[in-house]
Amino acid sequence: MCVWKGTTLNPEDLKALIDLDEGWVSRRIFWDRDIYTVELERIFGRCWLFVGHESQLAGAGSFLTTSMGEDAVIVARNRSGGIEVMLNSCPHRGNRLCFADSGTARSFTCNYHGWAFGLTGELLGMPEEQIYAASPRFDKSRLGLRKARVATYNGLIFATFDESAPSLDDYLGEFRWYLDIMLDNAAGGTELVGGVIRSTMACNWKFPAENFAGDSYHAPWTHASGAFAAFDGGSVRINQAESYHANVNGHGLEFGLDMIGNAATMRDPIVLDWMKGRQAEVEERLGALRTRMWGSVSSGNVFPNLGYLPGYFTLRTWVPRGPHAIEIHVWSLVNRDAPDEVKDGFRRGVMRSFSPAGILEMDDGENWEHSTATNAGVVTRGERLHYGLGFESEIEHDELPGRIFLGQMNDANQRAFYRRWLDLMTADNWQGVPDRTTKAVAGAMR
């Protein structure tokens with residue numbers, strides 16, 4: 001039986017840790033370093049990962065740096081207007097090439113030996129190049145930066161280093177219908193404002209990812225104090241009869257049909273009046289059902305690690321930094337043609353709610369950190385976690401795409417998240433990853 005390089009694991013070991021037909025997940029997947037090693041290869045090395053927004057790359061030479069899993073990358077706009085994603089590591093001795101978070105450059109030059117690379121990753125030159133050129137083994141064309149495949153969707157930039165991965169459109173599938181509530185509710189599209197907020201958290205990356213994919217159950221309890229402050233003594237209420245879980249191949253969104261739900265916690269009359277005033281325009285573009293979801297009580301996650309909150313107009317990535325730590329990157333996403341005071345209102349709303357000092361994010365962070373740290377105990381680590389809500393809640397819906405489950409208080413999307421995780425972790429290549437878009441092909445997963 002195959003054993004993964006650098007670990008003592010094989011695929012059957014992982015299958016024994018996940019029982020989604022009964023709703024059980026082993027705690028080991030949140031602690032074990034061997035499992036994390038395989039995740040870097042088979043999840044973060046295979047999937048389409050969010051690396052930025054087109055608005056961050058205004059012109060030729062503009063760039064930003066980020067990570068795909070633990071691989072540092074440069075995201076740059078080339079002189080032809082295209083977008084490049086390449087390893088942020090010099091192929092000579094491996095030194096980090098670019099240390100700036102963002103900026104504009106004509107090339108990237110390594111501090112170690114002065115090797116310089118163009119905006120498309122090609123090696124431009126190095127000091128004393130004639131010495132290298134005299135060697136019969138020197139081939140300049142083979143010494144460029146390793147480049148990823150790049151694709152965009154309504155302003156979002158994704159990349160993958162897997163040449164056999166499906167197209168981005170196929171990877172997102174029907175989940176694009178849900179993403180467009182944030183990304184395509186106006187003809188002018190979207191942009192990011194206010195830069196990026198970075199923070200670290202001592203938790204496994206899957207806890208925030210699964211939480212955003214489908215955990216509304218925690219909100220009335222965990223966020224009770226934040227809701228009390230935001231709603232002048234009010235509380236979080238979930239209407240099970242008009243709320244849903246929707247998932248497509250591990251991507252998940254839990255949502256209500258309350259239109260301005262989460263957005264109301266911003267307590268900004270300029271923002272709320274602007275949203276109410278756009279209702280007819282949004283309905284003409286997206287239809288009546290999605291208009292009720294615009295700004296609603298909801299959260300989503302694009303597998304594996306792009307979380308978003310439609311009601312707060314924010315994007316965030318859970319970047320792994322080992323099995324017990326993450327770096328969180330947070331952005332405010334706004335309509336490009338919105339008035340400046342509305343954009344600033346959304347930015348302030350993100351800062352007040354889901355930022356390191358936000359009234360809601362601190363609650364989540366404490367839970368995720370302790371959910372991770374408890375697994376240091378060998379007895380605790382041998383136990384299982386229960387994902388048993390909503391097994392009988394799947395419904396057919398005439399308008400909602402994907403697999404649909406009634407009620408936001410549900411574990412359906414989290415089970416779908418771990419089904420996708422297990423599929424990718426145990427498949428040798430993309431051809432071995434099943435499509436679980438619809439009920440007919442989903443097998444026993446509920």
# chains A, B, ... in the order shown; residues from 1 in each chain; ligands from 1
>>> residues_around(residues="Arg420 of chain A", least_positions_apart="2", cutoff="12 Å", atoms="only C-alpha atoms", output="PDB file with C-alpha atoms, in the first residue's frame")
ATOM      1  CA  ILE A  18     -13.765  10.260   8.613  1.00  0.00           C
ATOM      2  CA  LEU A  20     -19.549  11.320   7.260  1.00  0.00           C
ATOM      3  CA  ARG A  42      -2.928  17.485  -2.117  1.00  0.00           C
ATOM      4  CA  ILE A  43      -5.098  20.428  -1.055  1.00  0.00           C
ATOM      5  CA  CYS A  47      -6.711  23.544  -5.686  1.00  0.00           C
ATOM      6  CA  TYR A 171     -13.758  24.247 -10.127  1.00  0.00           C
ATOM      7  CA  GLU A 210     -15.655  24.963   8.040  1.00  0.00           C
ATOM      8  CA  ASN A 247     -22.893  23.371  -1.197  1.00  0.00           C
ATOM      9  CA  VAL A 248     -21.088  22.534  -4.426  1.00  0.00           C
ATOM     10  CA  ASN A 249     -18.042  20.252  -4.275  1.00  0.00           C
ATOM     11  CA  GLY A 250     -16.926  21.510  -0.870  1.00  0.00           C
ATOM     12  CA  HIS A 251     -17.764  25.183  -1.447  1.00  0.00           C
ATOM     13  CA  GLY A 252     -20.464  26.168   1.039  1.00  0.00           C
ATOM     14  CA  VAL A 302     -14.710  28.684  -1.317  1.00  0.00           C
ATOM     15  CA  PHE A 303     -12.813  25.451  -0.788  1.00  0.00           C
ATOM     16  CA  PRO A 304     -10.287  25.290   0.656  1.00  0.00           C
ATOM     17  CA  ASN A 413     -22.038  22.131   4.461  1.00  0.00           C
ATOM     18  CA  GLN A 414     -19.398  21.078   6.955  1.00  0.00           C
ATOM     19  CA  ARG A 415     -19.907  17.431   6.031  1.00  0.00           C
ATOM     20  CA  ALA A 416     -19.604  18.450   2.360  1.00  0.00           C
ATOM     21  CA  PHE A 417     -16.387  20.345   3.198  1.00  0.00           C
ATOM     22  CA  TYR A 418     -14.822  17.244   4.776  1.00  0.00           C
ATOM     23  CA  LEU A 422     -11.137  13.449   1.957  1.00  0.00           C
ATOM     24  CA  ASP A 423     -11.675  13.077  -1.808  1.00  0.00           C
ATOM     25  CA  LEU A 424      -8.659  15.260  -2.559  1.00  0.00           C
ATOM     26  CA  MET A 425      -6.466  13.793   0.164  1.00  0.00           C
ATOM     27  CA  THR A 426      -6.992  10.198  -1.015  1.00  0.00           C
ATOM     28  CA  ALA A 427      -6.974  10.714  -4.809  1.00  0.00           C
ATOM     29  CA  TRP A 430      -7.677  15.219 -10.247  1.00  0.00           C
ATOM     30  CA  GLY A 432      -9.642  10.464  -9.190  1.00  0.00           C
ATOM     31  CA  VAL A 433     -11.616  13.254  -7.485  1.00  0.00           C
ATOM     32  CA  PRO A 434     -15.368  12.623  -7.863  1.00  0.00           C
ATOM     33  CA  ASP A 435     -17.895  15.306  -8.776  1.00  0.00           C
ATOM     34  CA  ARG A 436     -20.352  15.666  -5.891  1.00  0.00           C
ATOM     35  CA  THR A 437     -22.320  18.595  -7.289  1.00  0.00           C
ATOM     36  CA  ALA A 442     -23.024  12.439  -4.169  1.00  0.00           C
ATOM     37  CA  MET A 445     -22.647  11.948   1.658  1.00  0.00           C
TER      38      MET A 445
END
>>> residues_around(residues="Tyr36 of chain A", least_positions_apart="3", cutoff="6 Å", atoms="only C-alpha atoms", output="PyMOL selection string")
chain A and resi 33+39+323
>>> write_last_selection(atoms="N, CA and C atoms", output="compact mmCIF listing (two decimals), in the first residue's frame")
# COMPACT_ATOMS: atom_id res chain seq x y z
N ARG A 33 0.85 16.36 12.28
CA ARG A 33 1.72 17.02 11.31
C ARG A 33 1.82 16.23 10.01
N GLU A 39 -1.80 17.62 3.32
CA GLU A 39 -2.68 18.73 2.93
C GLU A 39 -1.96 19.74 2.05
N PRO A 323 0.31 22.97 11.28
CA PRO A 323 -0.99 22.38 11.63
C PRO A 323 -1.72 23.13 12.74
>>> select_by_dssp(residues="segment 66-308 of chain A", states="strand (DSSP E)", output="PyMOL selection string")
chain A and resi 66-68+71-77+83-87+102-104+108-109+116-117+123-125+149-153+156-160+190-201+243-248+251-256+298-302+306-308
>>> select_by_dssp(residues="segment 140-381 of chain A", states="helix (DSSP H, G or I)", output="number ranges by chain")
A: 140-142, 168-183, 206-214, 219-222, 224-230, 240-242, 262-266, 269-277, 279-286, 288-293, 340-353, 361-376, 378-381
>>> write_last_selection(atoms="C-alpha atoms", output="mmCIF file, in the first residue's frame")
data_model
loop_
_atom_site.group_PDB
_atom_site.id
_atom_site.type_symbol
_atom_site.label_atom_id
_atom_site.label_comp_id
_atom_site.auth_asym_id
_atom_site.auth_seq_id
_atom_site.Cartn_x
_atom_site.Cartn_y
_atom_site.Cartn_z
ATOM 1 C CA LYS A 140 19.233 30.979 -19.064
ATOM 2 C CA SER A 141 15.801 29.962 -20.347
ATOM 3 C CA ARG A 142 15.561 27.225 -17.699
ATOM 4 C CA LEU A 168 -11.497 27.719 -12.627
ATOM 5 C CA ASP A 169 -15.062 27.875 -13.963
ATOM 6 C CA ASP A 170 -15.403 24.115 -13.557
ATOM 7 C CA TYR A 171 -13.758 24.247 -10.127
ATOM 8 C CA LEU A 172 -16.230 26.852 -8.875
ATOM 9 C CA GLY A 173 -19.120 25.281 -10.780
ATOM 10 C CA GLU A 174 -22.620 26.317 -9.782
ATOM 11 C CA PHE A 175 -21.229 28.082 -6.737
ATOM 12 C CA ARG A 176 -20.584 31.063 -9.035
ATOM 13 C CA TRP A 177 -24.323 31.800 -8.800
ATOM 14 C CA TYR A 178 -23.868 32.502 -5.087
ATOM 15 C CA LEU A 179 -20.581 34.399 -5.452
ATOM 16 C CA ASP A 180 -22.229 36.787 -7.887
ATOM 17 C CA ILE A 181 -24.446 38.142 -5.105
ATOM 18 C CA MET A 182 -21.336 39.964 -3.866
ATOM 19 C CA LEU A 183 -19.365 40.196 -7.087
ATOM 20 C CA LYS A 206 -9.921 23.964 8.818
ATOM 21 C CA PHE A 207 -11.743 25.346 11.865
ATOM 22 C CA PRO A 208 -12.375 28.822 10.391
ATOM 23 C CA ALA A 209 -12.936 27.383 6.903
ATOM 24 C CA GLU A 210 -15.655 24.963 8.040
ATOM 25 C CA ASN A 211 -17.142 27.624 10.312
ATOM 26 C CA PHE A 212 -17.649 30.047 7.427
ATOM 27 C CA ALA A 213 -18.874 27.259 5.147
ATOM 28 C CA GLY A 214 -21.777 26.406 7.369
ATOM 29 C CA ALA A 219 -23.836 32.669 16.249
ATOM 30 C CA PRO A 220 -26.680 33.170 18.784
ATOM 31 C CA TRP A 221 -24.461 31.845 21.601
ATOM 32 C CA THR A 222 -20.882 32.818 20.703
ATOM 33 C CA ALA A 224 -24.475 37.087 21.983
ATOM 34 C CA SER A 225 -22.492 39.937 23.577
ATOM 35 C CA GLY A 226 -21.508 41.430 20.211
ATOM 36 C CA ALA A 227 -25.095 41.280 18.996
ATOM 37 C CA PHE A 228 -26.275 42.850 22.246
ATOM 38 C CA ALA A 229 -23.986 45.816 21.613
ATOM 39 C CA ALA A 230 -24.759 46.072 17.891
ATOM 40 C CA GLN A 240 -34.913 28.033 10.148
ATOM 41 C CA ALA A 241 -37.989 28.075 7.906
ATOM 42 C CA GLU A 242 -36.459 30.634 5.503
ATOM 43 C CA ASN A 262 -25.665 41.140 8.889
ATOM 44 C CA ALA A 263 -25.264 44.482 7.149
ATOM 45 C CA ALA A 264 -27.559 46.040 9.750
ATOM 46 C CA THR A 265 -24.965 45.430 12.478
ATOM 47 C CA MET A 266 -22.746 48.055 10.834
ATOM 48 C CA PRO A 269 -27.312 54.854 8.058
ATOM 49 C CA ILE A 270 -25.432 55.920 4.926
ATOM 50 C CA VAL A 271 -24.633 52.294 4.062
ATOM 51 C CA LEU A 272 -28.103 51.003 4.918
ATOM 52 C CA ASP A 273 -29.913 53.749 2.994
ATOM 53 C CA TRP A 274 -27.680 53.073 -0.021
ATOM 54 C CA MET A 275 -28.466 49.339 0.117
ATOM 55 C CA LYS A 276 -32.210 49.888 0.464
ATOM 56 C CA GLY A 277 -32.141 52.375 -2.377
ATOM 57 C CA GLN A 279 -32.978 47.010 -4.099
ATOM 58 C CA ALA A 280 -34.811 47.436 -7.415
ATOM 59 C CA GLU A 281 -31.521 47.669 -9.355
ATOM 60 C CA VAL A 282 -30.133 44.547 -7.700
ATOM 61 C CA GLU A 283 -33.353 42.646 -8.322
ATOM 62 C CA GLU A 284 -33.263 43.519 -12.018
ATOM 63 C CA ARG A 285 -29.713 42.182 -12.234
ATOM 64 C CA LEU A 286 -29.848 39.159 -9.910
ATOM 65 C CA ALA A 288 -35.824 38.536 -6.513
ATOM 66 C CA LEU A 289 -34.404 35.566 -4.591
ATOM 67 C CA ARG A 290 -30.767 36.649 -4.666
ATOM 68 C CA THR A 291 -31.774 40.208 -3.794
ATOM 69 C CA ARG A 292 -33.155 38.843 -0.515
ATOM 70 C CA MET A 293 -29.728 37.238 0.085
ATOM 71 C CA ASP A 340 -16.933 57.168 -1.374
ATOM 72 C CA GLU A 341 -18.829 57.583 1.904
ATOM 73 C CA VAL A 342 -20.506 54.195 1.335
ATOM 74 C CA LYS A 343 -17.166 52.527 0.628
ATOM 75 C CA ASP A 344 -15.740 54.007 3.794
ATOM 76 C CA GLY A 345 -18.787 52.830 5.716
ATOM 77 C CA PHE A 346 -18.208 49.252 4.602
ATOM 78 C CA ARG A 347 -14.525 49.525 5.517
ATOM 79 C CA ARG A 348 -15.366 50.764 8.997
ATOM 80 C CA GLY A 349 -17.999 48.050 9.355
ATOM 81 C CA VAL A 350 -15.435 45.345 8.633
ATOM 82 C CA MET A 351 -13.050 46.890 11.151
ATOM 83 C CA ARG A 352 -15.746 46.976 13.856
ATOM 84 C CA SER A 353 -16.972 43.423 13.294
ATOM 85 C CA GLU A 361 -13.876 38.032 15.361
ATOM 86 C CA MET A 362 -12.381 37.883 18.850
ATOM 87 C CA ASP A 363 -15.172 35.499 19.876
ATOM 88 C CA ASP A 364 -14.448 33.180 16.963
ATOM 89 C CA GLY A 365 -10.694 33.288 17.412
ATOM 90 C CA GLU A 366 -10.859 32.222 21.027
ATOM 91 C CA ASN A 367 -13.050 29.239 20.113
ATOM 92 C CA TRP A 368 -10.881 28.127 17.190
ATOM 93 C CA GLU A 369 -7.659 28.386 19.187
ATOM 94 C CA HIS A 370 -8.988 26.323 22.077
ATOM 95 C CA SER A 371 -10.588 23.794 19.703
ATOM 96 C CA THR A 372 -7.097 23.263 18.285
ATOM 97 C CA ALA A 373 -5.041 23.351 21.486
ATOM 98 C CA THR A 374 -7.115 20.741 23.316
ATOM 99 C CA ASN A 375 -5.906 18.138 20.825
ATOM 100 C CA ALA A 376 -2.413 18.244 22.305
ATOM 101 C CA VAL A 378 -3.219 12.134 23.477
ATOM 102 C CA VAL A 379 -6.504 10.902 24.947
ATOM 103 C CA THR A 380 -8.415 13.910 23.644
ATOM 104 C CA ARG A 381 -6.824 13.519 20.210
#
>>> residues_around(residues="Phe108 of chain A", least_positions_apart="6", cutoff="10 Å", atoms="only C-alpha atoms", output="list in words")
Ile74, Asn88, Cys90, Leu97, Cys98, Gly114, Trp115, Ala116, Phe117, Gly118, Leu119, Gly121, Leu123 and Leu124 of chain A
>>> atom_distance(atom1="atom CA of His324 of chain A", atom2="atom CA of Asn204 of chain A")
4.7 Å
>>> closest_residue(among="A:Asp268, A:Glu122, A:Glu129, A:Asp101", to="Arg198 of chain A", atoms="only C-alpha atoms")
A:Asp101
>>> atom_distance(atom1="atom CA of Val319 of chain A", atom2="atom CA of Arg419 of chain A")
20.5 Å
>>> residues_around(residues="His397 of chain A", least_positions_apart="6", cutoff="12 Å", atoms="only C-alpha atoms", output="JSON, numbers by chain")
{"A": [244, 245, 246, 289, 403, 404, 405, 406]}
>>> write_last_selection(atoms="N, CA and C atoms", output="CSV table (one decimal), in the first residue's frame")
chain,number,residue,atom,x,y,z
A,244,TYR,N,-31.0,28.4,4.6
A,244,TYR,CA,-30.6,27.2,3.9
A,244,TYR,C,-29.1,27.0,4.1
A,245,HIS,N,-28.7,25.8,3.8
A,245,HIS,CA,-27.3,25.5,3.4
A,245,HIS,C,-27.2,25.1,2.0
A,246,ALA,N,-26.2,25.6,1.2
A,246,ALA,CA,-26.0,25.3,-0.2
A,246,ALA,C,-24.6,24.9,-0.3
A,289,LEU,N,-34.9,36.4,-5.7
A,289,LEU,CA,-34.4,35.6,-4.6
A,289,LEU,C,-33.0,36.0,-4.1
A,403,ARG,N,-26.4,21.5,-3.9
A,403,ARG,CA,-27.2,20.6,-3.0
A,403,ARG,C,-27.7,21.5,-1.9
A,404,ILE,N,-29.0,21.5,-1.6
A,404,ILE,CA,-29.7,22.4,-0.8
A,404,ILE,C,-30.3,21.7,0.4
A,405,PHE,N,-30.0,22.3,1.6
A,405,PHE,CA,-30.5,21.8,2.9
A,405,PHE,C,-31.3,22.9,3.6
A,406,LEU,N,-32.4,22.5,4.2
A,406,LEU,CA,-33.2,23.5,4.8
A,406,LEU,C,-32.7,23.9,6.2
>>> residues_around(residues="segment 193-195 of chain A", least_positions_apart="4", cutoff="7 Å", atoms="only C-alpha atoms", output="MDAnalysis selection string")
chainID A and resid 331:333 347
>>> write_last_selection(atoms="C-alpha atoms", output="PDB file, in the first residue's frame")
ATOM      1  CA  TRP A 331     -10.147  42.739   2.840  1.00  0.00           C
ATOM      2  CA  SER A 332     -13.145  45.034   2.443  1.00  0.00           C
ATOM      3  CA  LEU A 333     -14.919  44.413  -0.861  1.00  0.00           C
ATOM      4  CA  ARG A 347     -14.525  49.525   5.517  1.00  0.00           C
TER       5      ARG A 347
END
>>> closest_residue(among="A:His113, A:Arg46, A:His92, A:Arg149", to="Gly69 of chain A", atoms="only C-alpha atoms")
A:Arg46
>>> closest_residue(among="A:Gly407, A:Gly388, A:Pro401, A:Gly144", to="Asp19 of chain A", atoms="only C-alpha atoms")
A:Gly388
>>> residues_around(residues="Asn335 of chain A", least_positions_apart="2", cutoff="9 Å", atoms="only C-alpha atoms", output="short mmCIF file (atom, residue, chain, number, x, y, z; two decimals) with N, CA and C atoms, in the first residue's frame")
data_model
loop_
_atom_site.label_atom_id
_atom_site.label_comp_id
_atom_site.auth_asym_id
_atom_site.auth_seq_id
_atom_site.Cartn_x
_atom_site.Cartn_y
_atom_site.Cartn_z
N MET A 182 -22.30 38.95 -4.28
CA MET A 182 -21.34 39.96 -3.87
C MET A 182 -20.61 40.59 -5.04
N LEU A 183 -20.30 39.77 -6.05
CA LEU A 183 -19.37 40.20 -7.09
C LEU A 183 -20.01 40.85 -8.29
N ASP A 184 -21.31 40.60 -8.53
CA ASP A 184 -21.92 41.03 -9.78
C ASP A 184 -23.30 41.65 -9.57
N ASN A 185 -23.48 42.36 -8.47
CA ASN A 185 -24.78 43.00 -8.24
C ASN A 185 -24.86 44.39 -8.87
N ALA A 186 -23.78 44.83 -9.52
CA ALA A 186 -23.76 46.13 -10.21
C ALA A 186 -22.86 46.02 -11.43
N GLY A 188 -20.66 47.97 -12.58
CA GLY A 188 -19.28 48.44 -12.42
C GLY A 188 -18.35 47.47 -11.74
N GLY A 189 -18.86 46.33 -11.24
CA GLY A 189 -18.01 45.36 -10.57
C GLY A 189 -17.58 45.81 -9.19
N THR A 190 -16.51 45.21 -8.69
CA THR A 190 -16.07 45.44 -7.31
C THR A 190 -14.61 45.84 -7.25
N GLU A 191 -14.20 46.30 -6.07
CA GLU A 191 -12.80 46.59 -5.80
C GLU A 191 -12.56 46.39 -4.31
N LEU A 192 -11.28 46.27 -3.95
CA LEU A 192 -10.90 46.20 -2.54
C LEU A 192 -10.48 47.58 -2.09
N LEU A 333 -14.52 44.46 0.54
CA LEU A 333 -14.92 44.41 -0.86
C LEU A 333 -16.11 45.34 -1.05
N ASP A 337 -18.52 51.44 -8.20
CA ASP A 337 -19.21 52.69 -8.48
C ASP A 337 -20.01 53.21 -7.29
N ALA A 338 -19.81 52.65 -6.10
CA ALA A 338 -20.49 53.16 -4.91
C ALA A 338 -19.90 54.51 -4.50
N PRO A 339 -20.68 55.38 -3.86
CA PRO A 339 -20.13 56.65 -3.36
C PRO A 339 -19.01 56.40 -2.35
N LYS A 343 -18.35 53.38 0.57
CA LYS A 343 -17.17 52.53 0.63
C LYS A 343 -16.50 52.63 1.99
#
>>> atom_distance(atom1="atom CA of Met259 of chain A", atom2="atom CA of Ser216 of chain A")
16.4 Å
>>> residues_around(residues="Glu70 of chain A", least_positions_apart="5", cutoff="10 Å", atoms="only C-alpha atoms", output="VMD selection string")
chain A and resid 40 44 to 45 319 to 322
>>> decode(residues="segment 22-58 of chain A", atoms="C-alpha atoms", output="PDB file, in the first residue's frame")
ATOM      1  CA  GLU A  22     -22.797   9.086  10.685  1.00  0.00           C
ATOM      2  CA  GLY A  23     -21.307  12.579  11.128  1.00  0.00           C
ATOM      3  CA  TRP A  24     -17.987  11.809  12.850  1.00  0.00           C
ATOM      4  CA  VAL A  25     -14.562  13.372  12.226  1.00  0.00           C
ATOM      5  CA  SER A  26     -11.370  12.380  14.037  1.00  0.00           C
ATOM      6  CA  ARG A  27      -9.648  15.126  16.007  1.00  0.00           C
ATOM      7  CA  ARG A  28      -6.321  13.957  14.564  1.00  0.00           C
ATOM      8  CA  ILE A  29      -6.944  15.838  11.324  1.00  0.00           C
ATOM      9  CA  PHE A  30      -6.634  19.119  13.261  1.00  0.00           C
ATOM     10  CA  TRP A  31      -3.338  18.248  14.973  1.00  0.00           C
ATOM     11  CA  ASP A  32      -1.304  15.604  13.154  1.00  0.00           C
ATOM     12  CA  ARG A  33       1.716  17.017  11.310  1.00  0.00           C
ATOM     13  CA  ASP A  34       1.801  14.136   8.828  1.00  0.00           C
ATOM     14  CA  ILE A  35      -1.772  14.908   7.819  1.00  0.00           C
ATOM     15  CA  TYR A  36      -0.846  18.568   7.433  1.00  0.00           C
ATOM     16  CA  THR A  37       2.097  17.600   5.206  1.00  0.00           C
ATOM     17  CA  VAL A  38      -0.278  15.764   2.877  1.00  0.00           C
ATOM     18  CA  GLU A  39      -2.684  18.729   2.925  1.00  0.00           C
ATOM     19  CA  LEU A  40       0.026  21.038   1.612  1.00  0.00           C
ATOM     20  CA  GLU A  41       0.578  18.697  -1.323  1.00  0.00           C
ATOM     21  CA  ARG A  42      -2.928  17.485  -2.117  1.00  0.00           C
ATOM     22  CA  ILE A  43      -5.098  20.428  -1.055  1.00  0.00           C
ATOM     23  CA  PHE A  44      -3.009  23.586  -1.349  1.00  0.00           C
ATOM     24  CA  GLY A  45      -0.797  22.211  -4.103  1.00  0.00           C
ATOM     25  CA  ARG A  46      -3.794  21.187  -6.232  1.00  0.00           C
ATOM     26  CA  CYS A  47      -6.711  23.544  -5.686  1.00  0.00           C
ATOM     27  CA  TRP A  48      -7.429  26.949  -7.164  1.00  0.00           C
ATOM     28  CA  LEU A  49      -6.460  29.419  -4.414  1.00  0.00           C
ATOM     29  CA  PHE A  50      -7.471  33.063  -4.101  1.00  0.00           C
ATOM     30  CA  VAL A  51      -4.396  35.312  -4.392  1.00  0.00           C
ATOM     31  CA  GLY A  52      -5.835  38.798  -4.902  1.00  0.00           C
ATOM     32  CA  HIS A  53      -8.241  41.114  -6.704  1.00  0.00           C
ATOM     33  CA  GLU A  54      -7.659  42.776 -10.049  1.00  0.00           C
ATOM     34  CA  SER A  55      -8.163  46.192  -8.429  1.00  0.00           C
ATOM     35  CA  GLN A  56      -4.912  45.637  -6.495  1.00  0.00           C
ATOM     36  CA  LEU A  57      -2.952  45.536  -9.762  1.00  0.00           C
ATOM     37  CA  ALA A  58      -3.756  48.883 -11.312  1.00  0.00           C
TER      38      ALA A  58
END
